[in-house]
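Undergrad: The structure that follows is given in the form of structure tokens.
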Amino acid sequence: MSLTAAVALGAALGAPSRYLLDGAVRRWCGTRLPWGTLAVNLLGSAAAGLVAGLRPGALWVSLLAVGFLGAFTTASTLAWELVELTQRGALRSAGLLLVLHLLPGLALAGVGLAAGLAL
């Protein structure tokens, strides 16, 4: 399989996975804050760290990190949701959302990296 095909396959699996997880989390947690995007991005951060720690070959990096996680996680949706909250005047919620994405996301990436290196 070519690297381009691996990226395409990973993306074809990552985008619907994000859609399904986001919807499930929204149904469970409600929509006051975009919890689905948070769950997707935190899970993706941990998975990215794990892939980095495992140091797979180029084909697996293309499939998992670039393709799947590239389509699964989403900075643009986070940006859109932050803009929406800000426009509604929900500045505290926007700030909370940003902190909840960045700090735990970095920590989970570190945990994933450590787990990958340990395997």
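In the structure tokens, chains take letters A, B, ... by order of appearance, with residues numbered from 1 within each chain and ligands from 1 in the order shown.
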Any idea what's packed within 8 Å of region 34-43 of chain A, counting only C-alpha atoms, ignoring anything in its chain fewer than 4 positions away? Could you give it as number ranges by chain?

TA: A: 18, 21-26, 29-30, 47, 72-74, 77-78, 81, 97, 100-101, 104-105, 108

Undergrad: Within 12 Å of Leu50 (chain A), counting only C-alpha atoms, which residues qualify if same-chain residues fewer than 3 places away don't, as a ChimeraX atom specification?

TA: /A:43-47,53-56,61,64-65,69,108-119

Undergrad: What does the distance between CA of Leu63 (chain A) and CA of Thr4 (chain A) come to in Å, to one decimal place?

TA: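 Those two atoms sit 8.8 Å apart.
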
Undergrad: Quick one: pull the distance between CA of Gly14 (chain A) and CA of Ala48 (chain A), Å, one decimal.

TA: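 Computing the Euclidean distance for CA of Gly14 (chain A) and CA of Ala48 (chain A) yields 12.9 Å.
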
Undergrad: Quick one: residues within 8 Å of region 66-68 of chain A, only C-alpha atoms, excluding same-chain residues fewer than 2 positions away - as JSON, numbers by chain?

TA: {"A": [6, 7, 8, 9, 10, 11, 12, 13, 14, 15, 61, 62, 63, 64, 70, 71, 72]}

Undergrad: Export, as a PDB file, in the first residue's frame, the selected residues with N, CA, C and O atoms.

TA:
```
ATOM      1  N   ALA A   6      -2.579   4.895   2.390  1.00  0.00           N
ATOM      2  CA  ALA A   6      -2.684   4.698   3.837  1.00  0.00           C
ATOM      3  C   ALA A   6      -3.305   5.918   4.501  1.00  0.00           C
ATOM      4  O   ALA A   6      -4.170   5.783   5.384  1.00  0.00           O
ATOM      5  N   VAL A   7      -2.884   7.109   4.090  1.00  0.00           N
ATOM      6  CA  VAL A   7      -3.474   8.340   4.635  1.00  0.00           C
ATOM      7  C   VAL A   7      -4.966   8.392   4.314  1.00  0.00           C
ATOM      8  O   VAL A   7      -5.798   8.690   5.174  1.00  0.00           O
ATOM      9  N   ALA A   8      -5.307   8.080   3.068  1.00  0.00           N
ATOM     10  CA  ALA A   8      -6.711   8.126   2.649  1.00  0.00           C
ATOM     11  C   ALA A   8      -7.560   7.130   3.431  1.00  0.00           C
ATOM     12  O   ALA A   8      -8.667   7.454   3.880  1.00  0.00           O
ATOM     13  N   LEU A   9      -7.052   5.926   3.608  1.00  0.00           N
ATOM     14  CA  LEU A   9      -7.787   4.908   4.366  1.00  0.00           C
ATOM     15  C   LEU A   9      -7.955   5.335   5.814  1.00  0.00           C
ATOM     16  O   LEU A   9      -9.057   5.243   6.384  1.00  0.00           O
ATOM     17  N   GLY A  10      -6.883   5.821   6.417  1.00  0.00           N
ATOM     18  CA  GLY A  10      -6.976   6.282   7.800  1.00  0.00           C
ATOM     19  C   GLY A  10      -7.976   7.415   7.959  1.00  0.00           C
ATOM     20  O   GLY A  10      -8.796   7.417   8.884  1.00  0.00           O
ATOM     21  N   ALA A  11      -7.956   8.366   7.033  1.00  0.00           N
ATOM     22  CA  ALA A  11      -8.886   9.499   7.092  1.00  0.00           C
ATOM     23  C   ALA A  11     -10.327   9.042   6.894  1.00  0.00           C
ATOM     24  O   ALA A  11     -11.244   9.547   7.545  1.00  0.00           O
ATOM     25  N   ALA A  12     -10.514   8.062   6.011  1.00  0.00           N
ATOM     26  CA  ALA A  12     -11.858   7.539   5.760  1.00  0.00           C
ATOM     27  C   ALA A  12     -12.436   6.863   6.999  1.00  0.00           C
ATOM     28  O   ALA A  12     -13.651   6.820   7.184  1.00  0.00           O
ATOM     29  N   LEU A  13     -11.581   6.362   7.865  1.00  0.00           N
ATOM     30  CA  LEU A  13     -12.026   5.754   9.118  1.00  0.00           C
ATOM     31  C   LEU A  13     -12.088   6.767  10.264  1.00  0.00           C
ATOM     32  O   LEU A  13     -12.928   6.666  11.155  1.00  0.00           O
ATOM     33  N   GLY A  14     -11.195   7.743  10.243  1.00  0.00           N
ATOM     34  CA  GLY A  14     -11.122   8.715  11.331  1.00  0.00           C
ATOM     35  C   GLY A  14     -12.286   9.684  11.371  1.00  0.00           C
ATOM     36  O   GLY A  14     -12.827   9.977  12.441  1.00  0.00           O
ATOM     37  N   ALA A  15     -12.699  10.195  10.218  1.00  0.00           N
ATOM     38  CA  ALA A  15     -13.784  11.185  10.192  1.00  0.00           C
ATOM     39  C   ALA A  15     -15.109  10.615  10.693  1.00  0.00           C
ATOM     40  O   ALA A  15     -15.761  11.230  11.550  1.00  0.00           O
ATOM     41  N   VAL A  61       2.566   5.217  10.418  1.00  0.00           N
ATOM     42  CA  VAL A  61       2.437   6.639  10.757  1.00  0.00           C
ATOM     43  C   VAL A  61       1.453   7.304   9.805  1.00  0.00           C
ATOM     44  O   VAL A  61       0.588   8.079  10.211  1.00  0.00           O
ATOM     45  N   SER A  62       1.570   6.986   8.512  1.00  0.00           N
ATOM     46  CA  SER A  62       0.663   7.561   7.519  1.00  0.00           C
ATOM     47  C   SER A  62      -0.781   7.147   7.792  1.00  0.00           C
ATOM     48  O   SER A  62      -1.699   7.968   7.726  1.00  0.00           O
ATOM     49  N   LEU A  63      -0.983   5.875   8.078  1.00  0.00           N
ATOM     50  CA  LEU A  63      -2.328   5.363   8.317  1.00  0.00           C
ATOM     51  C   LEU A  63      -2.919   5.899   9.621  1.00  0.00           C
ATOM     52  O   LEU A  63      -4.027   6.436   9.636  1.00  0.00           O
ATOM     53  N   LEU A  64      -2.162   5.757  10.709  1.00  0.00           N
ATOM     54  CA  LEU A  64      -2.699   6.073  12.037  1.00  0.00           C
ATOM     55  C   LEU A  64      -2.598   7.552  12.402  1.00  0.00           C
ATOM     56  O   LEU A  64      -3.597   8.176  12.763  1.00  0.00           O
ATOM     57  N   GLY A  70      -5.495  12.521  12.044  1.00  0.00           N
ATOM     58  CA  GLY A  70      -5.678  13.807  11.373  1.00  0.00           C
ATOM     59  C   GLY A  70      -7.142  14.093  11.078  1.00  0.00           C
ATOM     60  O   GLY A  70      -7.602  15.235  11.167  1.00  0.00           O
ATOM     61  N   ALA A  71      -7.897  13.055  10.726  1.00  0.00           N
ATOM     62  CA  ALA A  71      -9.323  13.227  10.451  1.00  0.00           C
ATOM     63  C   ALA A  71     -10.170  13.110  11.719  1.00  0.00           C
ATOM     64  O   ALA A  71     -11.258  13.672  11.799  1.00  0.00           O
ATOM     65  N   PHE A  72      -9.673  12.388  12.701  1.00  0.00           N
ATOM     66  CA  PHE A  72     -10.415  12.163  13.946  1.00  0.00           C
ATOM     67  C   PHE A  72     -10.395  13.404  14.832  1.00  0.00           C
ATOM     68  O   PHE A  72     -11.423  13.833  15.340  1.00  0.00           O
TER      69      PHE A  72
END
```

Undergrad: Quick one: distance from CA of Gly95 (chain A) to CA of Ser17 (chain A) in Å, one decimal?

TA: 26.6 Å

Undergrad: Taking only chain A into account, list the residues labelled alpha helix (DSSP H) by DSSP (computed from the backbone), as number ranges by chain.

TA: A: 3-29, 35-54, 58-60, 70-72, 75-87, 91-118
